[in-house]
>>> print(open('final_23.pdb').read())   # PDB, C-alpha atoms
MODEL        1
ATOM      1  CA  MET A   1     -71.117 158.875 -27.099  1.00  0.00           C
ATOM      2  CA  ALA A   2     -74.626 157.701 -26.303  1.00  0.00           C
ATOM      3  CA  ILE A   3     -76.533 155.416 -28.664  1.00  0.00           C
ATOM      4  CA  THR A   4     -79.113 158.138 -29.296  1.00  0.00           C
ATOM      5  CA  LYS A   5     -76.379 160.478 -30.432  1.00  0.00           C
ATOM      6  CA  ILE A   6     -74.937 157.857 -32.806  1.00  0.00           C
ATOM      7  CA  GLN A   7     -78.355 157.352 -34.293  1.00  0.00           C
ATOM      8  CA  SER A   8     -79.046 161.056 -34.728  1.00  0.00           C
ATOM      9  CA  GLU A   9     -75.677 162.063 -36.167  1.00  0.00           C
ATOM     10  CA  SER A  10     -73.749 160.603 -39.033  1.00  0.00           C
ATOM     11  CA  LEU A  11     -70.534 158.774 -38.188  1.00  0.00           C
ATOM     12  CA  ASN A  12     -67.306 159.782 -39.779  1.00  0.00           C
ATOM     13  CA  LEU A  13     -65.459 156.506 -40.386  1.00  0.00           C
ATOM     14  CA  ALA A  14     -62.148 158.376 -40.395  1.00  0.00           C
ATOM     15  CA  ASP A  15     -62.678 159.404 -36.743  1.00  0.00           C
ATOM     16  CA  THR A  16     -61.437 157.369 -33.785  1.00  0.00           C
ATOM     17  CA  TYR A  17     -64.056 156.410 -31.210  1.00  0.00           C
ATOM     18  CA  ASP A  18     -63.213 155.335 -27.688  1.00  0.00           C
ATOM     19  CA  PHE A  19     -65.508 152.765 -26.191  1.00  0.00           C
ATOM     20  CA  THR A  20     -65.688 152.578 -22.426  1.00  0.00           C
ATOM     21  CA  GLY A  21     -68.660 150.246 -21.981  1.00  0.00           C
ATOM     22  CA  THR A  22     -69.057 146.473 -22.055  1.00  0.00           C
ATOM     23  CA  VAL A  23     -70.039 144.510 -25.142  1.00  0.00           C
ATOM     24  CA  THR A  24     -72.150 141.438 -24.489  1.00  0.00           C
ATOM     25  CA  GLY A  25     -73.482 138.779 -26.806  1.00  0.00           C
ATOM     26  CA  ALA A  26     -70.856 139.357 -29.475  1.00  0.00           C
ATOM     27  CA  GLY A  27     -68.163 136.964 -30.641  1.00  0.00           C
ATOM     28  CA  GLY A  28     -67.496 133.621 -29.057  1.00  0.00           C
ATOM     29  CA  ALA A  29     -65.039 130.775 -29.237  1.00  0.00           C
ATOM     30  CA  ASN A  30     -65.072 127.763 -31.526  1.00  0.00           C
ATOM     31  CA  THR A  31     -64.510 125.435 -28.595  1.00  0.00           C
ATOM     32  CA  PRO A  32     -64.447 122.683 -27.724  1.00  0.00           C
ATOM     33  CA  ALA A  33     -62.079 121.756 -30.526  1.00  0.00           C
ATOM     34  CA  PHE A  34     -59.457 119.150 -31.313  1.00  0.00           C
ATOM     35  CA  HIS A  35     -57.123 117.965 -34.049  1.00  0.00           C
ATOM     36  CA  ALA A  36     -55.496 114.531 -33.844  1.00  0.00           C
ATOM     37  CA  THR A  37     -53.056 112.572 -35.984  1.00  0.00           C
ATOM     38  CA  ASN A  38     -51.573 109.084 -35.901  1.00  0.00           C
ATOM     39  CA  SER A  39     -47.914 108.668 -34.977  1.00  0.00           C
ATOM     40  CA  ALA A  40     -47.383 105.418 -36.915  1.00  0.00           C
ATOM     41  CA  THR A  41     -48.953 103.542 -39.778  1.00  0.00           C
ATOM     42  CA  GLN A  42     -51.815 101.226 -38.878  1.00  0.00           C
ATOM     43  CA  ASP A  43     -52.410  97.925 -40.662  1.00  0.00           C
ATOM     44  CA  LEU A  44     -55.911  97.197 -41.905  1.00  0.00           C
ATOM     45  CA  ASN A  45     -57.077  93.641 -42.383  1.00  0.00           C
ATOM     46  CA  SER A  46     -59.113  93.242 -45.527  1.00  0.00           C
ATOM     47  CA  GLY A  47     -62.878  93.041 -45.386  1.00  0.00           C
ATOM     48  CA  SER A  48     -63.820  94.694 -42.092  1.00  0.00           C
ATOM     49  CA  TYR A  49     -63.924  98.187 -40.604  1.00  0.00           C
ATOM     50  CA  HIS A  50     -61.174  99.133 -38.161  1.00  0.00           C
ATOM     51  CA  LYS A  51     -61.122 102.130 -35.850  1.00  0.00           C
ATOM     52  CA  VAL A  52     -58.347 104.481 -36.919  1.00  0.00           C
ATOM     53  CA  GLN A  53     -55.895 105.064 -34.088  1.00  0.00           C
ATOM     54  CA  PHE A  54     -55.365 108.814 -33.952  1.00  0.00           C
ATOM     55  CA  ASN A  55     -53.127 108.781 -30.888  1.00  0.00           C
ATOM     56  CA  THR A  56     -51.449 112.191 -31.027  1.00  0.00           C
ATOM     57  CA  GLU A  57     -53.210 115.474 -30.295  1.00  0.00           C
ATOM     58  CA  THR A  58     -52.076 118.611 -32.066  1.00  0.00           C
ATOM     59  CA  TYR A  59     -54.485 120.488 -29.786  1.00  0.00           C
ATOM     60  CA  ASP A  60     -57.464 119.611 -27.612  1.00  0.00           C
ATOM     61  CA  ASP A  61     -59.314 122.651 -26.301  1.00  0.00           C
ATOM     62  CA  GLY A  62     -61.766 121.320 -23.754  1.00  0.00           C
ATOM     63  CA  GLY A  63     -60.337 117.805 -23.346  1.00  0.00           C
ATOM     64  CA  VAL A  64     -62.826 116.342 -25.850  1.00  0.00           C
ATOM     65  CA  TYR A  65     -60.589 113.817 -27.622  1.00  0.00           C
ATOM     66  CA  ASP A  66     -59.398 110.639 -25.937  1.00  0.00           C
ATOM     67  CA  THR A  67     -56.143 109.256 -27.359  1.00  0.00           C
ATOM     68  CA  SER A  68     -56.583 105.913 -25.580  1.00  0.00           C
ATOM     69  CA  ASN A  69     -59.891 104.996 -27.253  1.00  0.00           C
ATOM     70  CA  TYR A  70     -59.549 107.338 -30.297  1.00  0.00           C
ATOM     71  CA  ARG A  71     -62.876 108.997 -29.616  1.00  0.00           C
ATOM     72  CA  PHE A  72     -64.269 112.533 -29.859  1.00  0.00           C
ATOM     73  CA  ASN A  73     -66.875 113.333 -27.206  1.00  0.00           C
ATOM     74  CA  PRO A  74     -67.802 117.034 -27.294  1.00  0.00           C
ATOM     75  CA  GLY A  75     -69.626 116.737 -23.947  1.00  0.00           C
ATOM     76  CA  GLU A  76     -72.228 119.280 -25.016  1.00  0.00           C
ATOM     77  CA  THR A  77     -74.888 119.800 -27.637  1.00  0.00           C
ATOM     78  CA  GLY A  78     -74.714 122.086 -30.641  1.00  0.00           C
ATOM     79  CA  ARG A  79     -73.433 122.210 -34.188  1.00  0.00           C
ATOM     80  CA  PHE A  80     -69.891 121.036 -34.878  1.00  0.00           C
ATOM     81  CA  PHE A  81     -67.735 121.133 -37.964  1.00  0.00           C
ATOM     82  CA  ILE A  82     -66.037 117.747 -38.202  1.00  0.00           C
ATOM     83  CA  TYR A  83     -63.388 116.697 -40.707  1.00  0.00           C
ATOM     84  CA  TYR A  84     -60.965 113.937 -41.511  1.00  0.00           C
ATOM     85  CA  ARG A  85     -58.378 112.803 -44.007  1.00  0.00           C
ATOM     86  CA  LEU A  86     -57.367 109.180 -44.407  1.00  0.00           C
ATOM     87  CA  GLY A  87     -54.215 108.302 -46.284  1.00  0.00           C
ATOM     88  CA  LEU A  88     -54.542 104.674 -47.349  1.00  0.00           C
ATOM     89  CA  GLN A  89     -51.520 103.011 -48.859  1.00  0.00           C
ATOM     90  CA  THR A  90     -50.936  99.645 -50.438  1.00  0.00           C
ATOM     91  CA  SER A  91     -47.433  98.486 -51.171  1.00  0.00           C
ATOM     92  CA  ALA A  92     -46.308  96.364 -54.098  1.00  0.00           C
ATOM     93  CA  PRO A  93     -49.652  94.993 -55.226  1.00  0.00           C
ATOM     94  CA  THR A  94     -49.694  92.181 -57.720  1.00  0.00           C
ATOM     95  CA  GLU A  95     -52.065  91.794 -60.614  1.00  0.00           C
ATOM     96  CA  ASP A  96     -54.275  89.304 -58.768  1.00  0.00           C
ATOM     97  CA  LYS A  97     -54.722  91.735 -55.863  1.00  0.00           C
ATOM     98  CA  PHE A  98     -56.970  94.237 -57.699  1.00  0.00           C
ATOM     99  CA  PRO A  99     -59.313  95.998 -57.471  1.00  0.00           C
ATOM    100  CA  TYR A 100     -58.962  97.556 -54.027  1.00  0.00           C
ATOM    101  CA  ILE A 101     -62.024  99.258 -52.586  1.00  0.00           C
ATOM    102  CA  GLN A 102     -61.365 101.628 -49.690  1.00  0.00           C
ATOM    103  CA  TYR A 103     -63.798 103.362 -47.372  1.00  0.00           C
ATOM    104  CA  GLY A 104     -63.751 105.918 -44.578  1.00  0.00           C
ATOM    105  CA  ARG A 105     -66.761 106.168 -42.271  1.00  0.00           C
ATOM    106  CA  LEU A 106     -67.635 108.257 -39.233  1.00  0.00           C
ATOM    107  CA  TYR A 107     -69.266 106.247 -36.447  1.00  0.00           C
ATOM    108  CA  LYS A 108     -71.626 107.842 -33.923  1.00  0.00           C
ATOM    109  CA  ASN A 109     -72.013 106.173 -30.512  1.00  0.00           C
ATOM    110  CA  GLY A 110     -70.338 102.998 -31.786  1.00  0.00           C
ATOM    111  CA  ASN A 111     -72.547 102.584 -34.856  1.00  0.00           C
ATOM    112  CA  GLN A 112     -72.053 103.317 -38.533  1.00  0.00           C
ATOM    113  CA  SER A 113     -73.423 106.731 -39.254  1.00  0.00           C
ATOM    114  CA  ASP A 114     -74.486 108.562 -42.371  1.00  0.00           C
ATOM    115  CA  LEU A 115     -73.546 111.927 -40.866  1.00  0.00           C
ATOM    116  CA  LEU A 116     -70.787 112.507 -43.390  1.00  0.00           C
ATOM    117  CA  GLY A 117     -71.719 109.656 -45.689  1.00  0.00           C
ATOM    118  CA  GLU A 118     -69.378 106.924 -46.683  1.00  0.00           C
ATOM    119  CA  LEU A 119     -66.409 107.852 -48.786  1.00  0.00           C
ATOM    120  CA  LEU A 120     -65.426 105.252 -51.304  1.00  0.00           C
ATOM    121  CA  VAL A 121     -62.485 104.989 -53.610  1.00  0.00           C
ATOM    122  CA  LYS A 122     -62.248 102.059 -55.966  1.00  0.00           C
ATOM    123  CA  ARG A 123     -58.802 101.575 -57.415  1.00  0.00           C
ATOM    124  CA  ASN A 124     -58.385  99.251 -60.328  1.00  0.00           C
ATOM    125  CA  THR A 125     -54.935  99.838 -61.680  1.00  0.00           C
ATOM    126  CA  ALA A 126     -52.145  97.503 -62.555  1.00  0.00           C
ATOM    127  CA  ASN A 127     -48.948  99.515 -62.380  1.00  0.00           C
ATOM    128  CA  TYR A 128     -47.840  97.351 -59.413  1.00  0.00           C
ATOM    129  CA  ASN A 129     -46.086 100.209 -57.681  1.00  0.00           C
ATOM    130  CA  PHE A 130     -46.733 101.690 -54.286  1.00  0.00           C
ATOM    131  CA  GLN A 131     -50.351 102.888 -54.257  1.00  0.00           C
ATOM    132  CA  GLU A 132     -51.633 105.706 -52.054  1.00  0.00           C
ATOM    133  CA  VAL A 133     -54.995 107.404 -51.978  1.00  0.00           C
ATOM    134  CA  TYR A 134     -56.436 110.094 -49.687  1.00  0.00           C
ATOM    135  CA  LEU A 135     -60.063 110.143 -48.581  1.00  0.00           C
ATOM    136  CA  HIS A 136     -61.338 113.515 -47.320  1.00  0.00           C
ATOM    137  CA  ALA A 137     -64.634 114.378 -45.683  1.00  0.00           C
ATOM    138  CA  SER A 138     -66.007 117.311 -43.749  1.00  0.00           C
ATOM    139  CA  GLY A 139     -69.375 118.618 -42.732  1.00  0.00           C
ATOM    140  CA  VAL A 140     -71.557 120.088 -40.041  1.00  0.00           C
ATOM    141  CA  ILE A 141     -73.120 117.673 -37.568  1.00  0.00           C
ATOM    142  CA  ASN A 142     -75.742 118.370 -34.949  1.00  0.00           C
ATOM    143  CA  VAL A 143     -74.816 116.881 -31.579  1.00  0.00           C
ATOM    144  CA  THR A 144     -78.102 116.273 -29.764  1.00  0.00           C
ATOM    145  CA  SER A 145     -76.809 114.669 -26.558  1.00  0.00           C
ATOM    146  CA  ALA A 146     -73.841 115.527 -24.344  1.00  0.00           C
ATOM    147  CA  SER A 147     -73.011 111.799 -24.282  1.00  0.00           C
ATOM    148  CA  ASP A 148     -72.690 111.485 -28.095  1.00  0.00           C
ATOM    149  CA  TYR A 149     -69.258 110.390 -29.290  1.00  0.00           C
ATOM    150  CA  PHE A 150     -67.654 110.006 -32.706  1.00  0.00           C
ATOM    151  CA  GLU A 151     -64.953 107.715 -34.080  1.00  0.00           C
ATOM    152  CA  LEU A 152     -63.397 107.238 -37.495  1.00  0.00           C
ATOM    153  CA  TYR A 153     -63.220 103.816 -39.138  1.00  0.00           C
ATOM    154  CA  ALA A 154     -61.519 102.645 -42.312  1.00  0.00           C
ATOM    155  CA  LEU A 155     -62.030  99.645 -44.553  1.00  0.00           C
ATOM    156  CA  SER A 156     -59.893  98.287 -47.327  1.00  0.00           C
ATOM    157  CA  THR A 157     -61.043  95.312 -49.259  1.00  0.00           C
ATOM    158  CA  ASN A 158     -59.367  93.484 -52.068  1.00  0.00           C
ATOM    159  CA  GLN A 159     -61.839  91.889 -54.428  1.00  0.00           C
ATOM    160  CA  ALA A 160     -59.312  89.242 -55.457  1.00  0.00           C
ATOM    161  CA  GLY A 161     -57.998  88.217 -52.035  1.00  0.00           C
ATOM    162  CA  ALA A 162     -56.464  89.546 -48.850  1.00  0.00           C
ATOM    163  CA  GLY A 163     -55.543  93.196 -48.794  1.00  0.00           C
ATOM    164  CA  ASP A 164     -52.359  94.735 -47.469  1.00  0.00           C
ATOM    165  CA  THR A 165     -53.335  98.297 -46.641  1.00  0.00           C
ATOM    166  CA  ASP A 166     -52.056 100.767 -44.062  1.00  0.00           C
ATOM    167  CA  VAL A 167     -53.454 104.032 -42.736  1.00  0.00           C
ATOM    168  CA  ASN A 168     -50.475 106.342 -43.106  1.00  0.00           C
ATOM    169  CA  THR A 169     -49.196 109.069 -40.841  1.00  0.00           C
ATOM    170  CA  GLY A 170     -50.541 111.827 -43.105  1.00  0.00           C
ATOM    171  CA  SER A 171     -54.026 111.119 -41.765  1.00  0.00           C
ATOM    172  CA  TYR A 172     -55.936 113.345 -39.329  1.00  0.00           C
ATOM    173  CA  PHE A 173     -59.260 113.794 -37.540  1.00  0.00           C
ATOM    174  CA  GLY A 174     -60.684 116.952 -35.976  1.00  0.00           C
ATOM    175  CA  ALA A 175     -63.701 119.011 -35.018  1.00  0.00           C
ATOM    176  CA  TYR A 176     -64.721 122.339 -33.532  1.00  0.00           C
ATOM    177  CA  LYS A 177     -67.946 123.865 -32.281  1.00  0.00           C
ATOM    178  CA  LEU A 178     -69.653 126.428 -34.465  1.00  0.00           C
ATOM    179  CA  ILE A 179     -70.603 129.704 -32.827  1.00  0.00           C
ATOM    180  CA  SER A 180     -74.371 130.129 -32.860  1.00  0.00           C
TER     181      SER A 180
ENDMDL
END
>>> encode(input="final_23.pdb", output="structure tokens")
Amino acid sequence: MAITKIQSESLNLADTYDFTGTVTGAGGANTPAFHATNSATQDLNSGSYHKVQFNTETYDDGGVYDTSNYRFNPGETGRFFIYYRLGLQTSAPTEDKFPYIQYGRLYKNGNQSDLLGELLVKRNTANYNFQEVYLHASGVINVTSASDYFELYALSTNQAGAGDTDVNTGSYFGAYKLIS
């Protein structure tokens, strides 16, 4: 059925139409894309940011995540949806070890970035049991250079002394390109 015929006649949505042409400019793929997790807990020393070691890929369409340096490099420009979840756990704290302040931060090209802001959780509790908190962030970022790369860092600080915090295995990091 020619386009002019479609425009001049009403379509019956109950009818079946066979299409024999080629559709261009429709659809697309949300790639490159990746999702990575960590296979073991990672100790954080108190008071400084540490790169989170997401060393296991669930998928990596386009080879954009490097499990040896824990880095996402999309290799192209465009808008990307990026997300992460950090599970931070502290075991058997004592009363003099509070409050804990924990952060997650996305770095761009090796520098702290405000792309997703800094997530902060301040815990000031004294139940002395195993403590676990999850930090979540997601958002759309504009990658302006094919050489841009992104890493996730975590910080746990104990205002009363050294912290004993781990990034647990329930943590993840991922991104995918948005179709424009």
>>> atom_distance(input="final_23.pdb", atom1="atom CA of Tyr149 of chain A", atom2="atom CA of Gly110 of chain A")
7.9 Å
>>> resolve_selection(input="final_23.pdb", expression="the PyMOL selection byres ((chain A and resi 63) around 10)", output="ChimeraX atom specification")
/A:32-34,59-62,64-66,72-75
>>> residues_around(input="final_23.pdb", residues="Thr41 of chain A", least_positions_apart="2", cutoff="7 Å", atoms="only C-alpha atoms", output="MDAnalysis selection string")
chainID A and resid 43 166:169
>>> closest_residue(input="final_23.pdb", among="A:Gly78, A:Gly104, A:Gly21, A:Gly174", to="Thr56 of chain A", atoms="only C-alpha atoms")
A:Gly174
>>> atom_distance(input="final_23.pdb", atom1="atom CA of Phe81 of chain A", atom2="atom CA of Ala146 of chain A")
15.9 Å
>>> resolve_selection(input="final_23.pdb", expression="the PyMOL selection byres ((chain A and resi 137) around 6)", output="list in words")
Tyr83, Tyr84, His136 and Ser138 of chain A
